[in-house]
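Data block for final.pdb (PDB, C-alpha atoms and all ligand atoms):
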```pdb
ATOM      1  CA  MET A 299      -5.507  22.296  28.074
ATOM      2  CA  VAL A 300      -5.678  26.086  28.349
ATOM      3  CA  ASP A 301      -1.897  26.251  28.466
ATOM      4  CA  TYR A 302      -1.606  24.643  25.038
ATOM      5  CA  GLU A 303      -4.139  27.041  23.531
ATOM      6  CA  LYS A 304      -2.014  29.943  24.766
ATOM      7  CA  LEU A 305       1.123  28.267  23.408
ATOM      8  CA  LYS A 306      -0.510  28.050  19.958
ATOM      9  CA  ARG A 307      -1.241  31.775  20.044
ATOM     10  CA  ASP A 308       2.327  32.558  21.174
ATOM     11  CA  ILE A 309       3.837  30.352  18.467
ATOM     12  CA  ASN A 310       1.682  32.070  15.869
ATOM     13  CA  GLN A 311       2.916  35.434  17.085
ATOM     14  CA  ILE A 312       6.601  34.534  17.323
ATOM     15  CA  LEU A 313       7.034  32.091  14.418
ATOM     16  CA  GLY A 314       4.054  32.982  12.227
ATOM     17  CA  ILE A 315       2.902  29.343  12.236
ATOM     18  CA  ASP A 316      -0.831  28.873  12.720
ATOM     19  CA  LEU A 317      -1.020  25.630  14.694
ATOM     20  CA  THR A 318      -4.827  25.697  14.835
ATOM     21  CA  ALA A 319      -4.767  24.245  11.298
ATOM     22  CA  TYR A 320      -2.538  21.315  12.299
ATOM     23  CA  LYS A 321      -3.600  18.126  14.055
ATOM     24  CA  ASP A 322      -3.474  18.902  17.773
ATOM     25  CA  GLN A 323      -2.484  15.514  19.130
ATOM     26  CA  GLN A 324       0.485  15.087  16.827
ATOM     27  CA  MET A 325       1.786  18.622  17.302
ATOM     28  CA  ARG A 326       1.389  18.531  21.050
ATOM     29  CA  ARG A 327       3.290  15.275  21.262
ATOM     30  CA  ARG A 328       6.122  16.772  19.236
ATOM     31  CA  ILE A 329       6.211  19.980  21.266
ATOM     32  CA  ASN A 330       6.199  18.048  24.536
ATOM     33  CA  GLN A 331       9.105  15.943  23.287
ATOM     34  CA  TRP A 332      11.002  19.131  22.420
ATOM     35  CA  VAL A 333      10.303  20.665  25.841
ATOM     36  CA  GLU A 334      11.557  17.511  27.543
ATOM     37  CA  ARG A 335      14.619  17.161  25.354
ATOM     38  CA  HIS A 336      15.670  20.754  26.023
ATOM     39  CA  GLN A 337      14.922  20.489  29.729
ATOM     40  CA  LEU A 338      12.466  23.355  29.662
ATOM     41  CA  ASN A 339      10.118  23.504  32.639
ATOM     42  CA  SER A 340       6.979  24.738  30.944
ATOM     43  CA  TYR A 341       5.412  26.057  27.755
ATOM     44  CA  ASN A 342       6.080  29.530  29.150
ATOM     45  CA  GLN A 343       9.774  28.804  29.323
ATOM     46  CA  LEU A 344       9.675  27.512  25.763
ATOM     47  CA  VAL A 345       8.044  30.762  24.628
ATOM     48  CA  GLU A 346      10.635  32.846  26.484
ATOM     49  CA  THR A 347      13.461  30.871  24.878
ATOM     50  CA  LEU A 348      11.907  31.186  21.415
ATOM     51  CA  ASP A 349      11.534  34.886  21.962
ATOM     52  CA  LYS A 350      15.150  35.610  22.789
ATOM     53  CA  ASP A 351      17.202  32.831  21.183
ATOM     54  CA  LEU A 352      17.271  33.003  17.377
ATOM     55  CA  GLU A 353      19.094  29.688  16.983
ATOM     56  CA  HIS A 354      16.599  27.889  19.214
ATOM     57  CA  ARG A 355      13.782  29.496  17.200
ATOM     58  CA  GLU A 356      15.188  28.298  13.876
ATOM     59  CA  LYS A 357      15.804  24.767  15.155
ATOM     60  CA  PHE A 358      12.350  24.578  16.717
ATOM     61  CA  THR A 359      10.733  25.771  13.450
ATOM     62  CA  GLY A 360      12.543  23.036  11.521
ATOM     63  CA  TYR A 361      11.499  20.446  14.101
ATOM     64  CA  LEU A 362       7.889  21.596  14.186
ATOM     65  CA  THR A 363       7.478  21.731  10.413
ATOM     66  CA  ILE A 364       9.161  18.326   9.995
ATOM     67  CA  ASN A 365      11.211  19.015   6.902
ATOM     68  CA  THR A 366      12.476  15.488   6.288
ATOM     69  CA  SER A 367      12.827  14.863   2.573
ATOM     70  CA  ASN A 368      14.941  12.964   0.083
ATOM     71  CA  PHE A 369      15.535  12.656  -3.630
ATOM     72  CA  PHE A 370      13.195  10.442  -5.676
ATOM     73  CA  ARG A 371      11.097   9.757  -2.567
ATOM     74  CA  ASP A 372       8.612   6.937  -3.430
ATOM     75  CA  THR A 373      10.284   5.387  -6.480
ATOM     76  CA  LYS A 374       6.992   4.024  -7.883
ATOM     77  CA  VAL A 375       5.459   7.492  -7.888
ATOM     78  CA  PHE A 376       8.525   8.929  -9.606
ATOM     79  CA  ASP A 377       8.275   6.171 -12.243
ATOM     80  CA  VAL A 378       4.747   7.374 -13.108
ATOM     81  CA  ILE A 379       5.881  11.004 -13.038
ATOM     82  CA  GLU A 380       8.684  10.171 -15.466
ATOM     83  CA  GLU A 381       6.710   7.897 -17.787
ATOM     84  CA  LYS A 382       3.316   9.587 -17.847
ATOM     85  CA  VAL A 383       3.008  12.934 -16.072
ATOM     86  CA  LEU A 384       6.006  14.863 -17.415
ATOM     87  CA  PRO A 385       5.589  13.698 -21.058
ATOM     88  CA  GLU A 386       1.881  14.568 -20.970
ATOM     89  CA  ILE A 387       2.298  18.082 -19.566
ATOM     90  CA  SER A 388       5.271  18.777 -21.854
ATOM     91  CA  ARG A 389       3.524  17.807 -25.093
ATOM     92  CA  GLY A 390       3.530  21.019 -27.174
ATOM     93  CA  ASN A 391       3.788  22.935 -23.917
ATOM     94  CA  ARG A 392       6.360  24.474 -21.593
ATOM     95  CA  PRO A 393       4.856  23.401 -18.258
ATOM     96  CA  ARG A 394       4.590  25.312 -15.008
ATOM     97  CA  ILE A 395       5.454  23.080 -12.056
ATOM     98  CA  TRP A 396       5.085  23.851  -8.339
ATOM     99  CA  SER A 397       6.481  21.886  -5.416
ATOM    100  CA  ALA A 398       4.542  23.161  -2.371
ATOM    101  CA  GLY A 399       6.019  22.317   1.028
ATOM    102  CA  ALA A 400       9.282  21.731  -0.839
ATOM    103  CA  SER A 401      11.493  21.605   2.250
ATOM    104  CA  ILE A 402      15.182  21.149   1.305
ATOM    105  CA  GLY A 403      14.425  21.029  -2.433
ATOM    106  CA  ALA A 404      15.017  17.304  -3.000
ATOM    107  CA  GLU A 405      11.615  16.849  -4.668
ATOM    108  CA  ILE A 406      11.821  19.770  -7.116
ATOM    109  CA  TYR A 407      15.442  18.924  -8.002
ATOM    110  CA  SER A 408      14.386  15.317  -8.724
ATOM    111  CA  ILE A 409      11.711  16.665 -11.081
ATOM    112  CA  THR A 410      14.214  19.067 -12.681
ATOM    113  CA  ILE A 411      16.616  16.191 -13.340
ATOM    114  CA  LEU A 412      13.852  14.163 -15.035
ATOM    115  CA  MET A 413      12.792  17.170 -17.136
ATOM    116  CA  ASN A 414      16.407  17.697 -18.177
ATOM    117  CA  GLU A 415      16.927  14.055 -19.059
ATOM    118  CA  ALA A 416      13.824  14.035 -21.277
ATOM    119  CA  ARG A 417      14.837  17.397 -22.805
ATOM    120  CA  PHE A 418      11.548  18.953 -21.749
ATOM    121  CA  THR A 419      11.634  22.710 -21.198
ATOM    122  CA  PRO A 420       9.640  24.035 -18.253
ATOM    123  CA  SER A 421       8.501  27.635 -18.142
ATOM    124  CA  LEU A 422       8.475  27.595 -14.333
ATOM    125  CA  LEU A 423       9.914  25.316 -11.666
ATOM    126  CA  LEU A 424       8.693  26.817  -8.414
ATOM    127  CA  ALA A 425       9.457  25.454  -4.941
ATOM    128  CA  THR A 426       7.915  26.997  -1.837
ATOM    129  CA  ASP A 427       7.962  26.388   1.892
ATOM    130  CA  LEU A 428       7.078  28.116   5.112
ATOM    131  CA  ASP A 429      10.419  27.320   6.692
ATOM    132  CA  GLU A 430      13.145  29.748   5.625
ATOM    133  CA  THR A 431      15.967  27.576   6.966
ATOM    134  CA  ALA A 432      14.784  24.675   4.789
ATOM    135  CA  LEU A 433      14.651  27.043   1.789
ATOM    136  CA  GLU A 434      18.227  28.192   2.480
ATOM    137  CA  LYS A 435      19.322  24.550   2.517
ATOM    138  CA  ALA A 436      17.477  23.987  -0.751
ATOM    139  CA  LYS A 437      19.243  26.926  -2.371
ATOM    140  CA  ALA A 438      22.625  25.723  -1.094
ATOM    141  CA  GLY A 439      21.924  22.289  -2.609
ATOM    142  CA  VAL A 440      24.199  20.321  -0.261
ATOM    143  CA  TYR A 441      22.868  16.936   0.866
ATOM    144  CA  LEU A 442      23.681  14.168   3.310
ATOM    145  CA  PRO A 443      24.210  10.635   1.955
ATOM    146  CA  ASN A 444      20.807   9.448   3.271
ATOM    147  CA  GLN A 445      19.050  12.301   1.424
ATOM    148  CA  ILE A 446      20.421  11.239  -1.970
ATOM    149  CA  ALA A 447      20.224   7.466  -1.323
ATOM    150  CA  GLY A 448      17.225   6.961  -3.649
ATOM    151  CA  THR A 449      18.882   8.724  -6.581
ATOM    152  CA  PRO A 450      19.717   6.461  -9.546
ATOM    153  CA  GLN A 451      23.508   6.091  -9.906
ATOM    154  CA  LYS A 452      23.501   7.570 -13.424
ATOM    155  CA  TYR A 453      22.023  10.828 -12.063
ATOM    156  CA  LEU A 454      24.446  10.903  -9.146
ATOM    157  CA  ASP A 455      27.314  10.613 -11.632
ATOM    158  CA  LYS A 456      25.879  13.269 -13.912
ATOM    159  CA  TYR A 457      24.371  15.884 -11.603
ATOM    160  CA  PHE A 458      26.144  15.616  -8.225
ATOM    161  CA  THR A 459      29.630  16.081  -6.818
ATOM    162  CA  LYS A 460      30.743  14.261  -3.707
ATOM    163  CA  LYS A 461      32.612  16.420  -1.188
ATOM    164  CA  SER A 462      35.528  15.126   0.871
ATOM    165  CA  ASN A 463      33.310  15.098   4.019
ATOM    166  CA  GLY A 464      30.809  12.754   2.330
ATOM    167  CA  ASP A 465      28.132  15.385   1.497
ATOM    168  CA  TRP A 466      26.753  15.680  -2.035
ATOM    169  CA  ILE A 467      26.336  18.931  -3.978
ATOM    170  CA  ILE A 468      23.793  19.273  -6.751
ATOM    171  CA  ASP A 469      25.020  20.734 -10.011
ATOM    172  CA  GLU A 470      24.582  24.458 -10.690
ATOM    173  CA  SER A 471      22.918  23.599 -14.048
ATOM    174  CA  ILE A 472      19.991  22.057 -12.097
ATOM    175  CA  LYS A 473      19.984  24.522  -9.217
ATOM    176  CA  LYS A 474      19.692  27.609 -11.375
ATOM    177  CA  GLN A 475      16.474  26.366 -13.025
ATOM    178  CA  VAL A 476      14.445  26.447  -9.804
ATOM    179  CA  ILE A 477      12.856  29.457  -8.115
ATOM    180  CA  PHE A 478      12.566  29.149  -4.316
ATOM    181  CA  LYS A 479      10.127  31.333  -2.404
ATOM    182  CA  LYS A 480       8.699  31.544   1.075
ATOM    183  CA  HIS A 481       4.990  30.692   0.969
ATOM    184  CA  ASP A 482       2.574  29.745   3.741
ATOM    185  CA  LEU A 483      -0.032  27.321   2.414
ATOM    186  CA  LEU A 484      -2.454  28.532   5.061
ATOM    187  CA  ARG A 485      -2.204  32.256   4.385
ATOM    188  CA  SER A 486      -0.369  33.169   1.176
ATOM    189  CA  VAL A 487      -2.044  33.713  -2.193
ATOM    190  CA  TYR A 488      -1.669  30.740  -4.548
ATOM    191  CA  GLU A 489      -0.291  31.363  -8.051
ATOM    192  CA  ARG A 490      -2.381  29.963 -10.907
ATOM    193  CA  ASP A 491      -2.072  28.033 -14.170
ATOM    194  CA  PHE A 492       0.075  25.140 -13.075
ATOM    195  CA  ASP A 493       0.371  21.967 -15.142
ATOM    196  CA  LEU A 494       1.661  20.020 -12.152
ATOM    197  CA  ILE A 495       1.489  20.660  -8.417
ATOM    198  CA  LEU A 496       3.212  18.399  -5.888
ATOM    199  CA  CYS A 497       2.264  18.785  -2.248
ATOM    200  CA  ARG A 498       3.597  15.612  -0.679
ATOM    201  CA  ASN A 499       3.943  14.674   2.958
ATOM    202  CA  VAL A 500       2.581  18.021   4.075
ATOM    203  CA  PHE A 501      -1.161  17.338   4.324
ATOM    204  CA  ILE A 502      -0.843  14.686   7.001
ATOM    205  CA  TYR A 503      -0.078  17.334   9.594
ATOM    206  CA  PHE A 504      -3.221  19.384   8.880
ATOM    207  CA  THR A 505      -6.735  18.883  10.261
ATOM    208  CA  SER A 506      -9.159  17.324   7.749
ATOM    209  CA  GLU A 507     -11.004  20.633   7.445
ATOM    210  CA  THR A 508      -7.776  22.423   6.494
ATOM    211  CA  GLN A 509      -6.857  19.605   4.107
ATOM    212  CA  LYS A 510     -10.147  20.114   2.248
ATOM    213  CA  ARG A 511      -9.643  23.872   2.008
ATOM    214  CA  LEU A 512      -6.101  23.438   0.672
ATOM    215  CA  ILE A 513      -7.075  20.781  -1.876
ATOM    216  CA  ASN A 514      -9.725  23.159  -3.244
ATOM    217  CA  SER A 515      -7.143  25.942  -3.509
ATOM    218  CA  PHE A 516      -4.680  23.656  -5.303
ATOM    219  CA  VAL A 517      -7.345  22.528  -7.779
ATOM    220  CA  GLN A 518      -8.121  26.171  -8.553
ATOM    221  CA  SER A 519      -4.419  26.745  -9.187
ATOM    222  CA  LEU A 520      -4.248  23.931 -11.739
ATOM    223  CA  LYS A 521      -4.851  24.322 -15.449
ATOM    224  CA  PRO A 522      -7.600  22.062 -16.867
ATOM    225  CA  SER A 523      -6.193  18.484 -17.018
ATOM    226  CA  GLY A 524      -3.340  19.480 -14.706
ATOM    227  CA  PHE A 525      -1.869  16.929 -12.278
ATOM    228  CA  PHE A 526      -1.906  17.063  -8.484
ATOM    229  CA  ILE A 527       0.329  14.743  -6.465
ATOM    230  CA  VAL A 528       0.121  14.158  -2.723
ATOM    231  CA  GLY A 529       2.161  11.887  -0.428
ATOM    232  CA  SER A 530       1.608   8.142  -0.473
ATOM    233  CA  ALA A 531      -0.073   8.262   2.960
ATOM    234  CA  GLU A 532      -2.338  11.128   1.900
ATOM    235  CA  GLN A 533      -4.839   9.546  -0.509
ATOM    236  CA  ILE A 534      -7.715  11.904  -1.279
ATOM    237  CA  MET A 535     -11.131  10.501  -0.304
ATOM    238  CA  ASP A 536     -13.775  11.245  -2.923
ATOM    239  CA  PRO A 537     -11.501  13.020  -5.441
ATOM    240  CA  ALA A 538     -14.503  13.698  -7.723
ATOM    241  CA  SER A 539     -15.899  16.146  -5.171
ATOM    242  CA  TYR A 540     -12.859  18.348  -5.839
ATOM    243  CA  GLY A 541     -13.015  17.907  -9.618
ATOM    244  CA  LEU A 542     -10.153  15.399  -9.526
ATOM    245  CA  GLN A 543      -9.743  11.908 -10.908
ATOM    246  CA  ARG A 544      -7.229   9.401  -9.539
ATOM    247  CA  VAL A 545      -4.607   8.395 -12.122
ATOM    248  CA  SER A 546      -2.499   6.034 -10.021
ATOM    249  CA  TYR A 547      -1.117   5.807  -6.483
ATOM    250  CA  CYS A 548      -1.459   9.319  -5.056
ATOM    251  CA  ILE A 549      -1.500  11.051  -8.459
ATOM    252  CA  TYR A 550      -4.647  12.947  -9.479
ATOM    253  CA  LYS A 551      -5.737  14.823 -12.554
ATOM    254  CA  LYS A 552      -8.087  17.778 -12.788
ATOM    255  CA  THR A 553     -11.130  16.636 -14.728
ATOM    256  CA  LEU A 554     -12.196  20.021 -16.099
TER     257      LEU A 554
HETATM  258  C1  LIG B 601       7.951  16.388   5.383
HETATM  259  S1  LIG B 601       8.326  17.829   4.452
HETATM  260  C2  LIG B 601       7.885  17.333   2.817
HETATM  261  C3  LIG B 601       8.950  17.657   1.796
HETATM  262  C4  LIG B 601       8.679  17.123   0.396
HETATM  263  N1  LIG B 601       7.439  17.606  -0.135
HETATM  264  C5  LIG B 601       8.697  15.616   0.389
HETATM  265  O1  LIG B 601       7.655  14.985   0.258
HETATM  266  O2  LIG B 601       9.780  15.050   0.514
HETATM  267  C6  LIG B 601       6.974  18.930   4.918
HETATM  268  C7  LIG B 601       7.269  20.384   4.589
HETATM  269  O3  LIG B 601       6.031  21.112   4.667
HETATM  270  C8  LIG B 601       6.337  22.407   5.125
HETATM  271  N2  LIG B 601       5.145  23.048   5.678
HETATM  272  C9  LIG B 601       4.473  22.748   6.815
HETATM  273  N3  LIG B 601       3.459  23.613   6.989
HETATM  274  C10 LIG B 601       3.497  24.475   5.932
HETATM  275  C11 LIG B 601       2.713  25.590   5.561
HETATM  276  N4  LIG B 601       1.704  26.008   6.308
HETATM  277  N5  LIG B 601       3.036  26.236   4.412
HETATM  278  C12 LIG B 601       4.085  25.830   3.649
HETATM  279  N6  LIG B 601       4.859  24.778   3.953
HETATM  280  C13 LIG B 601       4.567  24.110   5.089
HETATM  281  C14 LIG B 601       7.407  22.167   6.177
HETATM  282  O4  LIG B 601       8.160  23.332   6.450
HETATM  283  C15 LIG B 601       8.225  21.039   5.554
HETATM  284  O5  LIG B 601       9.354  21.533   4.887
END
```
Would you mind writing the file out in structure tokens?
Amino acid sequence: MVDYEKLKRDINQILGIDLTAYKDQQMRRRINQWVERHQLNSYNQLVETLDKDLEHREKFTGYLTINTSNFFRDTKVFDVIEEKVLPEISRGNRPRIWSAGASIGAEIYSITILMNEARFTPSLLLATDLDETALEKAKAGVYLPNQIAGTPQKYLDKYFTKKSNGDWIIDESIKKQVIFKKHDLLRSVYERDFDLILCRNVFIYFTSETQKRLINSFVQSLKPSGFFIVGSAEQIMDPASYGLQRVSYCIYKKTL
């Protein structure tokens, strides 16, 4: 539909999000739902509203980028991270770790907690996202009960404080170890020399062509033998063609 092509261009101009790299069907469905829910008459009216209403723009960005996340998401994967990945990259080394598409920070804080518990010392804990509102939430470190539900009780007791309204705040000792930055996976330059990169539950929204381009960029950003972790629904077909080897679940290791 011509209309939708124009909408993609307008969204790119207003929000800086390049929807041509995302799966059309999924994005269109989401946008149509938004238009309906907000009783907008057309894509044009959506664009006008985005243009003049900052709050609507921020909410729409959050909705479009789908920044759902929670602590220790996929317990089995975190078990392997704790038992194998973090010890291996920390052996005689201060690892550089990057959570790409970090959203509200739950993933990188989970990693930071595990590093702390094992007394491993990272040289960099980097968390990046396209969505500035999600990054602000990450920096604030305040979470809803459902976002911390997967956190082992011993870590809740040690690293979180429960507020009177039921929200949970992560401890400053964990928060201050992480660097949060705005970074667009489609356009920004990727830093190098990482021992571990997590890019989970982000790929599914991209076209397969974009997925391939991004996987290649991530592999280039890894040190030899570095680990790359994707979401559990994002298994990489033919990892060898990227110079990766599957370790377990959705955890890969650079073979060079
Ligand atoms: C579903 S969340 C995943 C959060 C976390 N990695 C996890 O697995 O719980 C997807 C995140 O990817 C981010 N994202 C989407 N497109 C992006 C892009 N082009 N560059 C950087 N981040 C992007 C969204 O803003 C969102 O916060």
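Using all atoms listed in the file, the shortest contact distance between ligand LIG 601 (chain B) and any of A:Glu380, A:Glu507, A:Asp372, A:Asp493 is found at A:Asp372.
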Could you produce a table of the residues of chain A lying within 7 Å of ligand LIG 601 (chain B), with the nearest pair of atoms per residue and their separation in Å rounded to one decimal, using all atoms listed in the file, ordered by chain and increasing residue number, as JSON lines?
```
{"residue": "A:Ile315", "atom": "CA", "partner": "B:LIG601", "partner_atom": "N4", "distance": 6.9}
{"residue": "A:Gly360", "atom": "CA", "partner": "B:LIG601", "partner_atom": "O4", "distance": 6.7}
{"residue": "A:Thr363", "atom": "CA", "partner": "B:LIG601", "partner_atom": "C14", "distance": 4.3}
{"residue": "A:Ile364", "atom": "CA", "partner": "B:LIG601", "partner_atom": "C1", "distance": 5.1}
{"residue": "A:Asn365", "atom": "CA", "partner": "B:LIG601", "partner_atom": "O5", "distance": 3.7}
{"residue": "A:Thr366", "atom": "CA", "partner": "B:LIG601", "partner_atom": "C1", "distance": 4.7}
{"residue": "A:Ser367", "atom": "CA", "partner": "B:LIG601", "partner_atom": "O2", "distance": 3.7}
{"residue": "A:Asn368", "atom": "CA", "partner": "B:LIG601", "partner_atom": "O2", "distance": 5.6}
{"residue": "A:Arg371", "atom": "CA", "partner": "B:LIG601", "partner_atom": "O2", "distance": 6.3}
{"residue": "A:Ser397", "atom": "CA", "partner": "B:LIG601", "partner_atom": "N1", "distance": 6.9}
{"residue": "A:Ala398", "atom": "CA", "partner": "B:LIG601", "partner_atom": "N6", "distance": 6.5}
{"residue": "A:Gly399", "atom": "CA", "partner": "B:LIG601", "partner_atom": "O3", "distance": 3.8}
{"residue": "A:Ala400", "atom": "CA", "partner": "B:LIG601", "partner_atom": "N1", "distance": 4.6}
{"residue": "A:Ser401", "atom": "CA", "partner": "B:LIG601", "partner_atom": "O5", "distance": 3.4}
{"residue": "A:Ile402", "atom": "CA", "partner": "B:LIG601", "partner_atom": "O5", "distance": 6.9}
{"residue": "A:Ala404", "atom": "CA", "partner": "B:LIG601", "partner_atom": "O2", "distance": 6.7}
{"residue": "A:Glu405", "atom": "CA", "partner": "B:LIG601", "partner_atom": "O2", "distance": 5.8}
{"residue": "A:Thr426", "atom": "CA", "partner": "B:LIG601", "partner_atom": "C12", "distance": 6.8}
{"residue": "A:Asp427", "atom": "CA", "partner": "B:LIG601", "partner_atom": "N6", "distance": 4.1}
{"residue": "A:Leu428", "atom": "CA", "partner": "B:LIG601", "partner_atom": "C12", "distance": 4.0}
{"residue": "A:Asp429", "atom": "CA", "partner": "B:LIG601", "partner_atom": "O4", "distance": 4.6}
{"residue": "A:Ala432", "atom": "CA", "partner": "B:LIG601", "partner_atom": "O5", "distance": 6.3}
{"residue": "A:His481", "atom": "CA", "partner": "B:LIG601", "partner_atom": "C12", "distance": 5.6}
{"residue": "A:Asp482", "atom": "CA", "partner": "B:LIG601", "partner_atom": "N5", "distance": 3.6}
{"residue": "A:Leu483", "atom": "CA", "partner": "B:LIG601", "partner_atom": "N5", "distance": 3.8}
{"residue": "A:Leu484", "atom": "CA", "partner": "B:LIG601", "partner_atom": "N4", "distance": 5.0}
{"residue": "A:Cys497", "atom": "CA", "partner": "B:LIG601", "partner_atom": "N1", "distance": 5.7}
{"residue": "A:Arg498", "atom": "CA", "partner": "B:LIG601", "partner_atom": "O1", "distance": 4.2}
{"residue": "A:Asn499", "atom": "CA", "partner": "B:LIG601", "partner_atom": "O1", "distance": 4.6}
{"residue": "A:Val500", "atom": "CA", "partner": "B:LIG601", "partner_atom": "C6", "distance": 4.6}
{"residue": "A:Gly529", "atom": "CA", "partner": "B:LIG601", "partner_atom": "O1", "distance": 6.3}
```
Write out the residues from the selection above, keeping C-alpha atoms, as a PDB file, keeping the file's coordinate frame.
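Output file out16.pdb is given in full below:
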```pdb
ATOM      1  CA  ILE A 315       2.902  29.343  12.236  1.00  0.00           C
ATOM      2  CA  GLY A 360      12.543  23.036  11.521  1.00  0.00           C
ATOM      3  CA  THR A 363       7.478  21.731  10.413  1.00  0.00           C
ATOM      4  CA  ILE A 364       9.161  18.326   9.995  1.00  0.00           C
ATOM      5  CA  ASN A 365      11.211  19.015   6.902  1.00  0.00           C
ATOM      6  CA  THR A 366      12.476  15.488   6.288  1.00  0.00           C
ATOM      7  CA  SER A 367      12.827  14.863   2.573  1.00  0.00           C
ATOM      8  CA  ASN A 368      14.941  12.964   0.083  1.00  0.00           C
ATOM      9  CA  ARG A 371      11.097   9.757  -2.567  1.00  0.00           C
ATOM     10  CA  SER A 397       6.481  21.886  -5.416  1.00  0.00           C
ATOM     11  CA  ALA A 398       4.542  23.161  -2.371  1.00  0.00           C
ATOM     12  CA  GLY A 399       6.019  22.317   1.028  1.00  0.00           C
ATOM     13  CA  ALA A 400       9.282  21.731  -0.839  1.00  0.00           C
ATOM     14  CA  SER A 401      11.493  21.605   2.250  1.00  0.00           C
ATOM     15  CA  ILE A 402      15.182  21.149   1.305  1.00  0.00           C
ATOM     16  CA  ALA A 404      15.017  17.304  -3.000  1.00  0.00           C
ATOM     17  CA  GLU A 405      11.615  16.849  -4.668  1.00  0.00           C
ATOM     18  CA  THR A 426       7.915  26.997  -1.837  1.00  0.00           C
ATOM     19  CA  ASP A 427       7.962  26.388   1.892  1.00  0.00           C
ATOM     20  CA  LEU A 428       7.078  28.116   5.112  1.00  0.00           C
ATOM     21  CA  ASP A 429      10.419  27.320   6.692  1.00  0.00           C
ATOM     22  CA  ALA A 432      14.784  24.675   4.789  1.00  0.00           C
ATOM     23  CA  HIS A 481       4.990  30.692   0.969  1.00  0.00           C
ATOM     24  CA  ASP A 482       2.574  29.745   3.741  1.00  0.00           C
ATOM     25  CA  LEU A 483      -0.032  27.321   2.414  1.00  0.00           C
ATOM     26  CA  LEU A 484      -2.454  28.532   5.061  1.00  0.00           C
ATOM     27  CA  CYS A 497       2.264  18.785  -2.248  1.00  0.00           C
ATOM     28  CA  ARG A 498       3.597  15.612  -0.679  1.00  0.00           C
ATOM     29  CA  ASN A 499       3.943  14.674   2.958  1.00  0.00           C
ATOM     30  CA  VAL A 500       2.581  18.021   4.075  1.00  0.00           C
ATOM     31  CA  GLY A 529       2.161  11.887  -0.428  1.00  0.00           C
TER      32      GLY A 529
END
```
Report as number ranges by chain the full result of the PyMOL selection byres (((chain A and resi 445) around 8) and not hetatm) when it is applied to this structure.
A: 367-369, 404, 441-444, 446-448
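The two atoms in question, atom CA of Leu424 of chain A and atom CA of Thr449 of chain A, are spaced 20.8 Å apart.
Shortest atom-to-atom contact with Pro385 of chain A among A:Asn339, A:Asn414, A:Gln451, A:Thr318: A:Asn414, counting all atoms listed in the file.
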To one decimal in Å, tell me the separation between atom CA of Ser539 of chain A and atom CA of Pro393 of chain A.
25.6 Å
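Taking all atoms listed in the file into account, Lys521 of chain A lies nearest to A:Arg394 out of the set A:Arg394, A:Leu384, A:Gly464, A:Glu430.
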Per-axis box centre and lengths in Å around segment 508-525 of chain A, 3 Å margin per side, axis-aligned, as AutoDock Vina command-line options:
```
--center_x -6.0 --center_y 21.8 --center_z -5.3 --size_x 14.3 --size_y 15.8 --size_z 29.5
```
